[in-house]
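Only one structure is covered here, and it is reproduced in the block below.
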Amino acid sequence: MTKKNQHVVPHASGWAVRGAGNERATSVHGTQREAISVARETAIRQSSEMLIHGENGRIRERNTYGKDPYPPKG
């Protein structure tokens with residue numbers, strides 16, 4: 001299984017979950033909350049990243065699951 005970042009993006013039918021680089025949506029949901037839940041489960045299973053886009057298409061949040069390539073300095 002490849003580790004693809006999961007994107008939650010606006011879709012004509014609500015919100016879609018799409019793997020990075022894919023043209024087609026993995027799944028489509030009525031609400032952003034439902035799409036985020038599915039994307040989070042997939043990202044955790046794949047130890048990848050989840051990126052949540054706003055209605056304007058811009059990334060508004062990102063979460064890393066697994067080994068973070070850029071951990072916070074502290």
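To be explicit about the labels: the chains of the structure tokens are called A, B, and onward in the order shown, and within each one the residues are counted from 1, while ligands get numbers from 1 in the order they are shown.
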inquiry  = Can you tell me which residues surround Ser13 (chain A) at a distance of at most 12 Å, considering only C-alpha atoms, apart from same-chain residues fewer than 5 positions away, and format the answer as a ChimeraX atom specification?
reply    = /A:25,27-32,35
inquiry  = So that I can check the secondary structure, give me every residue of chain A assigned strand (DSSP E) by backbone DSSP, as a list in words.
reply    = Gln6, His7, Val8, Val9, Pro10, His11, Gly14, Trp15, Ala16, Val17, Arg18, Gly19, Ser27, Val28, His29, Glu49, Met50, Leu51, Ile52, His53, Ile59, Arg60, Glu61, Arg62, Asn63 and Thr64 of chain A
Backbone DSSP call of helix (DSSP H, G or I) for chain A, listed as a list in words = Gln32, Arg33, Glu34, Ala35, Ile36, Ser37, Val38, Ala39, Arg40, Glu41, Thr42, Ala43, Ile44, Arg45 and Gln46 of chain A
Selected residues, C-alpha atoms, written as a tab-separated table (two decimals), in the first residue's frame, please.
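That gives us part11.tsv:
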```
chain	number	residue	atom	x	y	z
A	32	GLN	CA	-16.88	18.22	5.58
A	33	ARG	CA	-16.96	16.57	9.02
A	34	GLU	CA	-17.76	13.16	7.49
A	35	ALA	CA	-15.01	13.58	4.87
A	36	ILE	CA	-12.48	14.57	7.56
A	37	SER	CA	-13.34	11.47	9.60
A	38	VAL	CA	-12.74	9.15	6.62
A	39	ALA	CA	-9.56	10.97	5.57
A	40	ARG	CA	-8.22	10.80	9.15
A	41	GLU	CA	-8.81	7.03	9.36
A	42	THR	CA	-7.04	6.49	6.04
A	43	ALA	CA	-4.11	8.77	6.95
A	44	ILE	CA	-3.66	6.98	10.30
A	45	ARG	CA	-3.76	3.57	8.59
A	46	GLN	CA	-1.19	4.71	6.00
```
request  = Write out as a PyMOL selection string each polymer residue whose atoms come within 8 Å of region 60-69 of chain A, counting only C-alpha atoms; drop sequence neighbours fewer than 3 positions from it.
outcome  = chain A and resi 43-44+47-54
inquiry  = What's the separation between CA of Val17 (chain A) and CA of Asn56 (chain A), in Å to one decimal place?
reply    = 15.8 Å
